[in-house]
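To be precise, the following lines are target.cif, and they hold mmCIF, C-alpha atoms.
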data_my_file
loop_
_atom_site.label_atom_id
_atom_site.label_comp_id
_atom_site.auth_asym_id
_atom_site.auth_seq_id
_atom_site.Cartn_x
_atom_site.Cartn_y
_atom_site.Cartn_z
CA MET A 1 147.06 73.78 -134.61
CA VAL A 2 144.59 76.64 -134.37
CA ALA A 3 145.47 79.59 -132.12
CA LYS A 4 143.77 82.73 -130.86
CA GLY A 5 143.98 85.44 -133.52
CA ASP A 6 143.90 83.05 -136.49
CA MET A 7 141.61 83.82 -139.41
CA ILE A 8 140.39 80.75 -141.23
CA TYR A 9 138.01 79.55 -143.92
CA ALA A 10 135.99 76.57 -142.65
CA TRP A 11 133.25 74.37 -144.09
CA ALA A 12 131.33 71.27 -143.07
CA LYS A 13 132.55 67.85 -144.09
CA ASP A 14 129.04 66.40 -143.87
CA ALA A 15 127.27 66.78 -147.24
CA ASP A 16 123.84 67.35 -145.69
CA ILE A 17 125.10 70.12 -143.40
CA LEU A 18 127.09 71.61 -146.27
CA LYS A 19 123.88 71.86 -148.28
CA ALA A 20 121.56 73.05 -145.49
CA GLY A 21 123.97 75.44 -143.80
CA GLU A 22 124.81 79.01 -144.61
CA CYS A 23 128.17 79.54 -146.35
CA GLY A 24 129.44 76.01 -145.96
CA GLY A 25 127.68 75.13 -142.73
CA ALA A 26 130.76 75.55 -140.55
CA VAL A 27 128.81 76.81 -137.52
CA THR A 28 126.47 73.80 -137.54
CA ALA A 29 129.44 71.46 -138.00
CA LEU A 30 131.29 73.03 -135.06
CA LEU A 31 128.23 72.68 -132.85
CA LYS A 32 127.90 69.05 -133.94
CA HIS A 33 131.45 68.31 -132.83
CA ALA A 34 130.94 70.13 -129.52
CA LEU A 35 127.97 67.88 -128.76
CA GLU A 36 129.43 64.63 -130.06
CA SER A 37 132.70 65.12 -128.18
CA LYS A 38 130.88 66.06 -124.94
CA MET A 39 132.57 69.47 -124.84
CA VAL A 40 129.05 70.74 -124.08
CA ASP A 41 125.87 69.19 -122.77
CA ALA A 42 123.56 71.10 -125.09
CA VAL A 43 123.39 73.70 -127.82
CA VAL A 44 121.17 76.78 -127.61
CA THR A 45 120.39 78.35 -130.96
CA VAL A 46 117.54 79.65 -133.09
CA LYS A 47 115.55 77.76 -135.71
CA ARG A 48 112.64 78.42 -138.03
CA GLY A 49 109.17 78.03 -136.53
CA THR A 50 106.02 78.11 -138.66
CA ASP A 51 107.76 80.22 -141.33
CA LEU A 52 110.92 82.25 -141.88
CA TYR A 53 109.42 85.19 -139.94
CA ASP A 54 109.03 83.00 -136.86
CA ALA A 55 112.42 82.49 -135.21
CA VAL A 56 112.15 80.29 -132.13
CA PRO A 57 114.78 79.31 -129.55
CA ALA A 58 116.01 75.72 -129.64
CA TYR A 59 117.64 73.63 -126.90
CA ILE A 60 119.37 70.73 -128.63
CA THR A 61 121.10 67.72 -127.10
CA ASP A 62 120.98 65.35 -130.10
CA PRO A 63 123.62 66.20 -132.75
CA ALA A 64 121.30 64.87 -135.47
CA GLU A 65 118.79 67.64 -134.70
CA LEU A 66 121.25 70.47 -135.32
CA ILE A 67 120.57 70.46 -139.04
CA GLN A 68 117.08 71.78 -138.25
CA ALA A 69 118.72 75.02 -137.12
CA ALA A 70 121.13 75.34 -140.05
CA GLY A 71 120.99 78.49 -142.14
CA SER A 72 120.26 82.10 -141.19
CA LEU A 73 117.17 84.01 -140.09
CA HIS A 74 117.32 87.80 -140.31
CA CYS A 75 113.74 88.23 -139.09
CA GLY A 76 114.48 86.77 -135.67
CA THR A 77 114.74 89.33 -132.87
CA LEU A 78 115.28 87.09 -129.83
CA LEU A 79 117.82 87.80 -127.11
CA ILE A 80 119.26 84.40 -126.25
CA PRO A 81 120.96 85.07 -122.85
CA LYS A 82 117.71 86.35 -121.36
CA ILE A 83 115.91 83.22 -122.58
CA ILE A 84 118.63 81.02 -121.07
CA LYS A 85 118.28 82.75 -117.71
CA LYS A 86 114.50 82.35 -117.75
CA TYR A 87 114.24 78.74 -118.89
CA ILE A 88 117.63 77.17 -118.09
CA ASN A 89 119.55 77.45 -114.85
CA PRO A 90 122.65 79.36 -116.03
CA THR A 91 124.48 79.07 -112.72
CA CYS A 92 124.56 75.25 -112.71
CA ASP A 93 127.41 73.16 -114.11
CA GLN A 94 125.64 72.47 -117.42
CA LYS A 95 127.91 73.36 -120.36
CA LEU A 96 126.24 75.11 -123.30
CA ALA A 97 127.36 76.15 -126.77
CA VAL A 98 125.36 79.18 -127.84
CA VAL A 99 124.98 80.85 -131.24
CA CYS A 100 125.10 84.62 -130.71
CA LYS A 101 124.54 87.92 -132.47
CA GLY A 102 126.59 90.87 -131.27
CA CYS A 103 123.87 92.01 -128.85
CA ASP A 104 123.63 88.47 -127.44
CA VAL A 105 127.36 88.48 -126.72
CA MET A 106 127.18 91.90 -125.04
CA ALA A 107 124.23 90.69 -122.96
CA PHE A 108 126.22 87.64 -121.84
CA TYR A 109 129.01 89.86 -120.55
CA GLU A 110 126.71 92.34 -118.80
CA MET A 111 124.75 89.52 -117.18
CA ALA A 112 127.98 87.81 -116.13
CA ASN A 113 129.15 91.07 -114.54
CA GLN A 114 125.98 90.95 -112.42
CA ASN A 115 126.51 87.26 -111.56
CA GLN A 116 123.36 86.31 -113.47
CA LEU A 117 125.36 83.59 -115.26
CA ASN A 118 128.83 82.08 -115.37
CA LEU A 119 130.70 82.52 -118.67
CA ASP A 120 132.90 79.51 -117.87
CA ASN A 121 129.88 77.35 -118.67
CA PHE A 122 129.50 78.68 -122.22
CA ILE A 123 131.13 78.42 -125.61
CA LEU A 124 129.96 81.47 -127.57
CA ILE A 125 129.80 81.10 -131.35
CA GLY A 126 129.42 84.66 -132.61
CA LEU A 127 127.79 85.53 -135.93
CA ASN A 128 128.62 88.65 -137.91
CA CYS A 129 125.45 90.71 -137.93
CA GLY A 130 124.41 93.51 -140.22
CA GLY A 131 121.09 93.75 -138.39
CA SER A 132 117.74 92.05 -138.03
CA VAL A 133 114.24 92.92 -139.23
CA SER A 134 111.12 92.71 -137.08
CA PRO A 135 108.78 89.98 -138.39
CA ILE A 136 105.74 92.21 -138.93
CA ALA A 137 107.90 94.92 -140.50
CA ALA A 138 109.48 92.32 -142.80
CA ARG A 139 106.11 91.14 -144.07
CA LYS A 140 104.99 94.72 -144.69
CA MET A 141 108.24 95.58 -146.45
CA ILE A 142 108.14 92.54 -148.73
CA ALA A 143 104.51 93.17 -149.68
CA GLU A 144 104.89 96.89 -150.29
CA LYS A 145 108.45 97.37 -151.58
CA PHE A 146 109.13 94.02 -153.21
CA GLU A 147 105.52 93.56 -154.34
CA VAL A 148 105.72 89.87 -153.40
CA ASP A 149 103.39 87.85 -151.18
CA PRO A 150 105.42 87.33 -147.96
CA ASP A 151 104.05 83.77 -147.67
CA LEU A 152 105.74 82.85 -150.97
CA VAL A 153 109.22 83.78 -149.75
CA THR A 154 111.40 80.73 -149.07
CA LYS A 155 114.61 82.53 -148.07
CA GLU A 156 115.80 85.99 -147.12
CA GLU A 157 119.28 87.39 -146.61
CA ILE A 158 121.18 90.63 -146.20
CA ASP A 159 124.18 90.68 -148.53
CA LYS A 160 126.27 93.32 -150.28
CA GLY A 161 124.10 96.15 -149.07
CA GLN A 162 120.83 94.58 -150.17
CA PHE A 163 117.90 92.79 -148.58
CA ILE A 164 117.35 89.81 -150.87
CA ILE A 165 114.43 87.41 -151.05
CA GLU A 166 113.89 84.14 -152.93
CA TYR A 167 110.43 83.06 -154.08
CA ASP A 168 108.97 80.83 -156.81
CA GLY A 169 112.47 80.01 -158.05
CA LYS A 170 113.26 83.72 -158.44
CA HIS A 171 115.12 86.25 -156.34
CA LYS A 172 114.84 89.98 -155.85
CA GLY A 173 117.00 92.47 -153.98
CA VAL A 174 116.55 96.06 -152.88
CA LYS A 175 119.26 98.29 -151.42
CA ILE A 176 119.11 98.52 -147.63
CA ASP A 177 119.82 102.27 -147.83
CA ASP A 178 116.79 102.82 -150.08
CA LEU A 179 114.56 100.74 -147.82
CA GLU A 180 115.65 102.48 -144.66
CA GLU A 181 115.33 105.99 -146.02
CA GLU A 182 111.67 105.12 -146.55
CA GLY A 183 111.21 103.67 -143.07
CA TYR A 184 111.64 99.98 -143.92
CA GLY A 185 114.61 97.68 -143.35
CA ARG A 186 116.42 96.82 -140.15
CA ARG A 187 115.33 97.57 -136.61
CA SER A 188 116.42 101.04 -135.54
CA ASN A 189 118.69 99.71 -132.79
CA CYS A 190 120.40 97.45 -135.35
CA ARG A 191 121.08 100.45 -137.58
CA ARG A 192 122.88 102.15 -134.69
CA CYS A 193 124.77 99.03 -133.57
CA GLN A 194 128.55 98.88 -133.84
CA MET A 195 129.05 95.28 -132.78
CA LYS A 196 129.16 93.91 -136.31
CA ILE A 197 131.86 91.29 -135.72
CA PRO A 198 131.34 89.88 -132.19
CA ARG A 199 134.95 89.44 -131.11
CA GLN A 200 133.92 89.05 -127.46
CA ALA A 201 132.65 85.61 -128.48
CA ASP A 202 134.99 82.62 -128.65
CA LEU A 203 134.67 82.44 -132.44
CA ALA A 204 133.37 85.15 -134.79
CA CYS A 205 131.84 83.64 -137.93
CA GLY A 206 130.39 85.07 -141.12
CA ASN A 207 130.64 85.34 -144.89
CA TRP A 208 132.47 88.68 -145.11
CA GLY A 209 135.88 88.16 -146.65
CA VAL A 210 135.32 84.73 -148.20
CA ILE A 211 136.52 85.11 -151.79
CA GLY A 212 137.75 83.03 -154.70
CA ASP A 213 136.60 79.45 -155.11
CA LYS A 214 135.38 79.39 -151.50
CA ALA A 215 132.95 82.31 -151.91
CA GLY A 216 129.51 81.16 -150.73
CA LYS A 217 130.95 77.75 -149.85
CA ALA A 218 132.89 78.50 -146.66
CA THR A 219 132.63 80.52 -143.47
CA PHE A 220 135.19 83.10 -142.39
CA VAL A 221 136.12 82.24 -138.78
CA GLU A 222 138.11 84.59 -136.56
CA VAL A 223 139.45 82.81 -133.49
CA CYS A 224 138.88 85.14 -130.54
CA SER A 225 139.79 83.03 -127.50
CA ASP A 226 141.68 79.95 -126.41
CA LYS A 227 138.32 78.26 -125.86
CA GLY A 228 137.37 78.96 -129.48
CA ALA A 229 140.75 77.74 -130.68
CA ALA A 230 140.29 74.48 -128.76
CA LEU A 231 136.90 73.83 -130.36
CA LEU A 232 138.04 74.60 -133.90
CA SER A 233 141.24 72.55 -133.47
CA ALA A 234 139.31 69.55 -132.16
CA ALA A 235 136.69 69.76 -134.93
CA THR A 236 139.19 70.13 -137.79
CA GLY A 237 139.36 66.96 -139.85
CA LYS A 238 136.35 65.52 -138.07
CA THR A 239 133.32 67.72 -138.75
CA VAL A 240 134.98 70.68 -140.50
CA ALA A 241 137.66 71.23 -143.10
CA VAL A 242 139.76 74.40 -142.95
CA GLU A 243 142.30 76.51 -144.76
CA ALA A 244 143.96 79.83 -144.01
CA ALA A 245 141.90 82.86 -144.98
CA ASN A 246 142.94 84.63 -148.17
CA PRO A 247 144.91 87.81 -147.25
CA LYS A 248 142.86 89.77 -149.78
CA GLY A 249 139.71 88.37 -148.16
CA ILE A 250 140.91 89.56 -144.76
CA GLU A 251 141.36 93.04 -146.23
CA ILE A 252 137.90 92.99 -147.81
CA ARG A 253 136.35 91.84 -144.54
CA GLY A 254 137.93 94.80 -142.77
CA LYS A 255 136.53 97.20 -145.37
CA VAL A 256 133.04 95.74 -145.03
CA GLU A 257 133.20 96.08 -141.26
CA ASN A 258 134.40 99.68 -141.48
CA ALA A 259 131.61 100.55 -143.91
CA MET A 260 129.05 99.07 -141.53
CA LEU A 261 130.52 101.02 -138.60
CA LYS A 262 130.33 104.28 -140.55
CA LEU A 263 126.72 103.52 -141.41
CA GLY A 264 126.09 102.96 -137.71
CA ASP A 265 127.55 106.39 -136.95
CA HIS A 266 125.24 107.90 -139.58
CA TRP A 267 122.15 106.39 -138.00
CA ARG A 268 123.22 107.35 -134.49
CA LYS A 269 123.59 110.96 -135.55
CA HIS A 270 120.30 110.83 -137.48
CA ASP A 271 118.29 109.25 -134.66
CA PHE A 272 119.76 111.30 -131.81
CA GLU A 273 119.43 114.66 -133.55
CA LYS A 274 115.71 114.21 -134.11
CA LEU A 275 115.23 113.97 -130.34
CA GLY A 276 116.22 117.60 -129.87
CA THR A 277 118.25 118.82 -126.90
CA GLY A 278 117.80 119.88 -123.29
CA LYS A 279 114.26 120.47 -122.07
CA ALA A 280 112.85 119.89 -125.57
CA ARG A 281 114.26 116.38 -125.52
CA LEU A 282 112.95 115.70 -122.04
CA ASP A 283 109.49 116.95 -123.03
CA TYR A 284 109.53 114.71 -126.13
CA MET A 285 110.55 111.66 -124.12
CA ILE A 286 107.86 112.29 -121.51
CA LYS A 287 105.23 112.82 -124.20
CA GLU A 288 106.13 109.59 -126.02
CA SER A 289 106.31 107.66 -122.76
CA SER A 290 102.87 108.89 -121.69
CA ARG A 291 101.34 106.07 -123.77
CA CYS A 292 102.86 103.56 -121.32
CA THR A 293 100.41 101.13 -119.71
CA LYS A 294 103.04 99.90 -117.23
CA CYS A 295 102.93 96.34 -118.59
CA TYR A 296 106.58 95.87 -117.54
CA ALA A 297 107.58 94.26 -120.87
CA CYS A 298 110.56 96.64 -121.09
CA ILE A 299 111.80 95.64 -117.65
CA GLU A 300 111.12 91.91 -118.02
CA SER A 301 112.95 91.75 -121.36
CA CYS A 302 116.00 93.82 -120.36
CA PRO A 303 119.18 91.75 -119.81
CA VAL A 304 120.68 94.49 -117.63
CA CYS A 305 117.73 95.17 -115.30
CA ASN A 306 118.16 92.70 -112.45
CA CYS A 307 117.15 94.27 -109.14
CA ALA A 308 115.79 92.06 -106.37
CA GLU A 309 113.23 94.80 -105.71
CA CYS A 310 112.27 97.07 -108.61
CA SER A 311 112.06 100.74 -107.62
CA THR A 312 109.35 101.34 -110.23
CA LYS A 313 107.05 99.16 -108.11
CA LYS A 314 107.49 101.28 -105.01
CA SER A 315 104.42 103.43 -104.40
CA CYS A 316 106.52 106.26 -103.02
CA TYR A 317 107.94 106.77 -106.52
CA VAL A 318 105.16 105.57 -108.85
CA GLU A 319 101.58 105.55 -107.64
CA PRO A 320 100.01 102.17 -108.50
CA GLY A 321 96.88 101.84 -110.64
CA VAL A 322 97.20 105.30 -112.24
CA LEU A 323 97.33 105.99 -115.98
CA PRO A 324 98.94 107.74 -117.70
CA VAL A 325 101.89 106.51 -115.71
CA ASN A 326 103.96 108.99 -113.74
CA PRO A 327 107.08 110.03 -115.74
CA MET A 328 109.12 108.89 -112.75
CA PHE A 329 108.55 105.30 -113.93
CA HIS A 330 110.67 105.89 -117.02
CA LEU A 331 113.12 108.27 -115.38
CA ILE A 332 113.96 105.56 -112.84
CA ARG A 333 114.58 103.10 -115.67
CA PHE A 334 116.72 105.56 -117.61
CA ALA A 335 118.86 106.46 -114.59
CA HIS A 336 119.25 102.82 -113.59
CA VAL A 337 120.02 101.13 -116.90
CA PHE A 338 121.38 103.62 -119.44
CA ASP A 339 125.06 103.25 -118.48
CA SER A 340 124.89 99.49 -119.07
CA CYS A 341 122.48 99.48 -122.03
CA ILE A 342 123.67 97.19 -124.83
CA ASN A 343 121.20 98.55 -127.42
CA CYS A 344 119.61 95.12 -127.95
CA GLY A 345 116.26 96.81 -128.65
CA GLN A 346 114.17 94.35 -126.65
CA CYS A 347 112.49 97.10 -124.60
CA GLU A 348 111.33 98.71 -127.82
CA GLU A 349 110.62 95.53 -129.77
CA LEU A 350 108.26 94.19 -127.12
CA CYS A 351 106.54 97.44 -126.14
CA PRO A 352 102.83 97.14 -127.08
CA MET A 353 102.53 100.94 -127.20
CA GLU A 354 105.48 101.32 -129.61
CA ILE A 355 107.43 103.67 -127.36
CA PRO A 356 111.01 104.13 -128.68
CA ASN A 357 112.53 102.99 -125.39
CA ALA A 358 115.78 101.74 -126.92
CA LEU A 359 116.37 105.05 -128.67
CA PHE A 360 115.90 107.01 -125.45
CA MET A 361 118.19 104.69 -123.49
CA HIS A 362 120.88 104.43 -126.15
CA SER A 363 121.04 108.18 -126.79
CA GLN A 364 121.73 108.89 -123.12
CA GLN A 365 124.58 106.41 -123.09
CA VAL A 366 126.28 107.07 -126.42
CA GLU A 367 125.55 110.58 -127.62
CA PRO A 368 128.04 112.51 -125.43
CA LEU A 369 130.87 110.30 -126.74
CA LEU A 370 129.57 110.48 -130.31
CA LYS A 371 129.66 114.30 -130.22
CA GLU A 372 133.31 114.16 -129.15
CA LEU A 373 134.19 111.82 -132.01
CA LEU A 374 132.31 113.81 -134.65
#
Using structure tokens, write down the structure that the file contains.
Amino acid sequence: MVAKGDMIYAWAKDADILKAGECGGAVTALLKHALESKMVDAVVTVKRGTDLYDAVPAYITDPAELIQAAGSLHCGTLLIPKIIKKYINPTCDQKLAVVCKGCDVMAFYEMANQNQLNLDNFILIGLNCGGSVSPIAARKMIAEKFEVDPDLVTKEEIDKGQFIIEYDGKHKGVKIDDLEEEGYGRRSNCRRCQMKIPRQADLACGNWGVIGDKAGKATFVEVCSDKGAALLSAATGKTVAVEAANPKGIEIRGKVENAMLKLGDHWRKHDFEKLGTGKARLDYMIKESSRCTKCYACIESCPVCNCAECSTKKSCYVEPGVLPVNPMFHLIRFAHVFDSCINCGQCEELCPMEIPNALFMHSQQVEPLLKELL
């Protein structure tokens, strides 16, 4: 019987899922059982669109279709809870199993705190995440640093400190550190993130710590809630096979996580220091924000921003129809959201003027604490 706190190796019993999935296909197999057993009404996940740089959300009710979403996509930058709120009624009684990165899980909790959704209606399958790469940046990086046509790439992954691609039956890897020192690699908010193993989810799944004969053939699953334990228990012997995680593997997983957290501290310090301090920082933020066209992409994409009436649309604060926009537009956003910011990066990812919104917001929230720790 599986219990909260257990650490387990799991893999799919179905040969097709085993082949198509990442590291044994356990996540796909668990979702399959959740649908087949009616534990949930639908699965919300991400699948490949036109190519591996085109991650698209998927709402799946037929277990046979889950295999289309098997495998990993590191060039997908979607925030699933915001999509669910926009296109699915999250306050109804529909039960959903959702595949989540760390920022997705944090968004679920922040949105639940604001009564935007009800966590009782969700089973959250968390995925260990070392970071994601913006699609356009990924293409540029592969062309310039790997010297490979991005359209020839059939698979990409981040493993053992490298960004690795497969193409024409070959593979090539470059160290993430080398890429990022030259301005390539993961999104800046991902570099600063410290939610590498999403333990707020019901299950936290990944390949870190899978060693021995199961390396590359099984998924490391940490059971984080009774709900997660119930799903894994019910699926065992039906859609997944399991065994206890190797103690040495558990130790290795912890070391990988700690190394990723230290790297996150490095990038926080690096990114925040370049902003300057005091008035110099404020002047820099106002200068960068002056490119704003007030398209509202930052507000529309934010999982935390949820006012019935947005103060930035009040003419007493921000005069309508005037560009460059009054700095008060951004100061209102910063004051309103920074204490709840989850560093998902959506406000920066979707900004057409490439304003580093996430950096500004995240620095205001985290930097005072970071200075104390360092």
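When atom CA of A:Pro198 is paired with atom CA of A:Glu36, their separation reads 25.4 Å.
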For A:Pro356, please output as a PDB file with C-alpha atoms, keeping the file's coordinate frame all residues within 12 Å (counting only C-alpha atoms; exclusion window: fewer than 4 positions along the same chain).
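Written file, out21.pdb:
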ATOM      1  CA  ARG A 187     115.330  97.570-136.610  1.00  0.00           C
ATOM      2  CA  SER A 188     116.420 101.040-135.540  1.00  0.00           C
ATOM      3  CA  ASN A 189     118.690  99.710-132.790  1.00  0.00           C
ATOM      4  CA  ASP A 271     118.290 109.250-134.660  1.00  0.00           C
ATOM      5  CA  PHE A 272     119.760 111.300-131.810  1.00  0.00           C
ATOM      6  CA  LEU A 275     115.230 113.970-130.340  1.00  0.00           C
ATOM      7  CA  TYR A 284     109.530 114.710-126.130  1.00  0.00           C
ATOM      8  CA  MET A 285     110.550 111.660-124.120  1.00  0.00           C
ATOM      9  CA  ILE A 286     107.860 112.290-121.510  1.00  0.00           C
ATOM     10  CA  LYS A 287     105.230 112.820-124.200  1.00  0.00           C
ATOM     11  CA  GLU A 288     106.130 109.590-126.020  1.00  0.00           C
ATOM     12  CA  SER A 289     106.310 107.660-122.760  1.00  0.00           C
ATOM     13  CA  SER A 290     102.870 108.890-121.690  1.00  0.00           C
ATOM     14  CA  ARG A 291     101.340 106.070-123.770  1.00  0.00           C
ATOM     15  CA  CYS A 292     102.860 103.560-121.320  1.00  0.00           C
ATOM     16  CA  CYS A 298     110.560  96.640-121.090  1.00  0.00           C
ATOM     17  CA  HIS A 330     110.670 105.890-117.020  1.00  0.00           C
ATOM     18  CA  ASN A 343     121.200  98.550-127.420  1.00  0.00           C
ATOM     19  CA  GLY A 345     116.260  96.810-128.650  1.00  0.00           C
ATOM     20  CA  GLN A 346     114.170  94.350-126.650  1.00  0.00           C
ATOM     21  CA  CYS A 347     112.490  97.100-124.600  1.00  0.00           C
ATOM     22  CA  GLU A 348     111.330  98.710-127.820  1.00  0.00           C
ATOM     23  CA  GLU A 349     110.620  95.530-129.770  1.00  0.00           C
ATOM     24  CA  LEU A 350     108.260  94.190-127.120  1.00  0.00           C
ATOM     25  CA  CYS A 351     106.540  97.440-126.140  1.00  0.00           C
ATOM     26  CA  PRO A 352     102.830  97.140-127.080  1.00  0.00           C
ATOM     27  CA  PHE A 360     115.900 107.010-125.450  1.00  0.00           C
ATOM     28  CA  MET A 361     118.190 104.690-123.490  1.00  0.00           C
ATOM     29  CA  HIS A 362     120.880 104.430-126.150  1.00  0.00           C
ATOM     30  CA  SER A 363     121.040 108.180-126.790  1.00  0.00           C
TER      31      SER A 363
END
>> Between atom CA of A:Ser301 and atom CA of A:Met353, what distance in Å does the model show, to one decimal?
In response: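 Value for the atom CA of A:Ser301-atom CA of A:Met353 distance: 15.1 Å.
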>> Taking only C-alpha atoms into account, name the residue in A:His266, A:His336, A:Arg199, A:Lys314 that is nearest to A:Gly102.
In response: A:Arg199
Counting only C-alpha atoms, give me one row per residue of stretch 75-122 of chain A with an atom at most 9 Å from an atom of stretch 42-61 of chain A, showing the shortest contact pair and its distance in Å to one decimal, sorted by chain then residue number, as JSON lines.
{"residue": "A:Cys75", "atom": "CA", "partner": "A:Tyr53", "partner_atom": "CA", "distance": 5.4}
{"residue": "A:Gly76", "atom": "CA", "partner": "A:Ala55", "partner_atom": "CA", "distance": 4.8}
{"residue": "A:Thr77", "atom": "CA", "partner": "A:Ala55", "partner_atom": "CA", "distance": 7.6}
{"residue": "A:Leu78", "atom": "CA", "partner": "A:Ala55", "partner_atom": "CA", "distance": 7.6}
{"residue": "A:Ile80", "atom": "CA", "partner": "A:Pro57", "partner_atom": "CA", "distance": 7.5}
{"residue": "A:Ile83", "atom": "CA", "partner": "A:Pro57", "partner_atom": "CA", "distance": 8.1}
{"residue": "A:Ile84", "atom": "CA", "partner": "A:Val44", "partner_atom": "CA", "distance": 8.2}
{"residue": "A:Gln94", "atom": "CA", "partner": "A:Ala42", "partner_atom": "CA", "distance": 8.1}
{"residue": "A:Lys95", "atom": "CA", "partner": "A:Ala42", "partner_atom": "CA", "distance": 6.8}
{"residue": "A:Leu96", "atom": "CA", "partner": "A:Ala42", "partner_atom": "CA", "distance": 5.1}
{"residue": "A:Ala97", "atom": "CA", "partner": "A:Val43", "partner_atom": "CA", "distance": 4.8}
{"residue": "A:Val98", "atom": "CA", "partner": "A:Val44", "partner_atom": "CA", "distance": 4.8}
{"residue": "A:Val99", "atom": "CA", "partner": "A:Thr45", "partner_atom": "CA", "distance": 5.2}
{"residue": "A:Cys100", "atom": "CA", "partner": "A:Thr45", "partner_atom": "CA", "distance": 7.8}
> Restricting the calculation to all atoms listed in the file, which member of A:Ile67, A:Cys341, A:Leu263, A:Val27 is positioned closest to A:Leu359?
Replying inline: A:Cys341
>> Once the PyMOL selection byres ((chain A and resi 234) around 10) has been evaluated on this model, what residues remain selected, and can you format them as a list in words?
In response: Met1, Val2, Leu30, His33, Ala34, Ser37, Met39, Gly228, Ala229, Ala230, Leu231, Leu232, Ser233, Ala235, Thr236, Gly237, Lys238, Thr239 and Val240 of chain A
>> What's the separation between atom CA of A:Ala137 and atom CA of A:Tyr184, in Å to one decimal place?
In response: 7.2 Å
Complete the atom set of stretch 357-368 of chain A to N, CA and C atoms and return it as an mmCIF file, in the frame of the given file.
data_model
loop_
_atom_site.group_PDB
_atom_site.id
_atom_site.type_symbol
_atom_site.label_atom_id
_atom_site.label_comp_id
_atom_site.auth_asym_id
_atom_site.auth_seq_id
_atom_site.Cartn_x
_atom_site.Cartn_y
_atom_site.Cartn_z
ATOM 1 N N ASN A 357 111.742 103.122 -126.613
ATOM 2 C CA ASN A 357 112.530 102.990 -125.390
ATOM 3 C C ASN A 357 114.024 102.836 -125.663
ATOM 4 N N ALA A 358 114.368 102.002 -126.636
ATOM 5 C CA ALA A 358 115.780 101.740 -126.920
ATOM 6 C C ALA A 358 116.477 103.011 -127.395
ATOM 7 N N LEU A 359 115.787 103.794 -128.192
ATOM 8 C CA LEU A 359 116.370 105.050 -128.670
ATOM 9 C C LEU A 359 116.652 105.988 -127.508
ATOM 10 N N PHE A 360 115.709 106.125 -126.595
ATOM 11 C CA PHE A 360 115.900 107.010 -125.450
ATOM 12 C C PHE A 360 117.086 106.542 -124.609
ATOM 13 N N MET A 361 117.137 105.244 -124.338
ATOM 14 C CA MET A 361 118.190 104.690 -123.490
ATOM 15 C C MET A 361 119.551 104.815 -124.165
ATOM 16 N N HIS A 362 119.615 104.447 -125.428
ATOM 17 C CA HIS A 362 120.880 104.430 -126.150
ATOM 18 C C HIS A 362 121.442 105.828 -126.320
ATOM 19 N N SER A 363 120.576 106.805 -126.580
ATOM 20 C CA SER A 363 121.040 108.180 -126.790
ATOM 21 C C SER A 363 121.703 108.729 -125.532
ATOM 22 N N GLN A 364 121.166 108.401 -124.375
ATOM 23 C CA GLN A 364 121.730 108.890 -123.120
ATOM 24 C C GLN A 364 123.113 108.291 -122.856
ATOM 25 N N GLN A 365 123.302 107.067 -123.322
ATOM 26 C CA GLN A 365 124.580 106.410 -123.090
ATOM 27 C C GLN A 365 125.649 106.847 -124.075
ATOM 28 N N VAL A 366 125.291 106.946 -125.352
ATOM 29 C CA VAL A 366 126.280 107.070 -126.420
ATOM 30 C C VAL A 366 126.499 108.487 -126.902
ATOM 31 N N GLU A 367 125.460 109.306 -126.919
ATOM 32 C CA GLU A 367 125.550 110.580 -127.620
ATOM 33 C C GLU A 367 126.671 111.500 -127.134
ATOM 34 N N PRO A 368 126.930 111.637 -125.832
ATOM 35 C CA PRO A 368 128.040 112.510 -125.430
ATOM 36 C C PRO A 368 129.358 112.099 -126.071
#
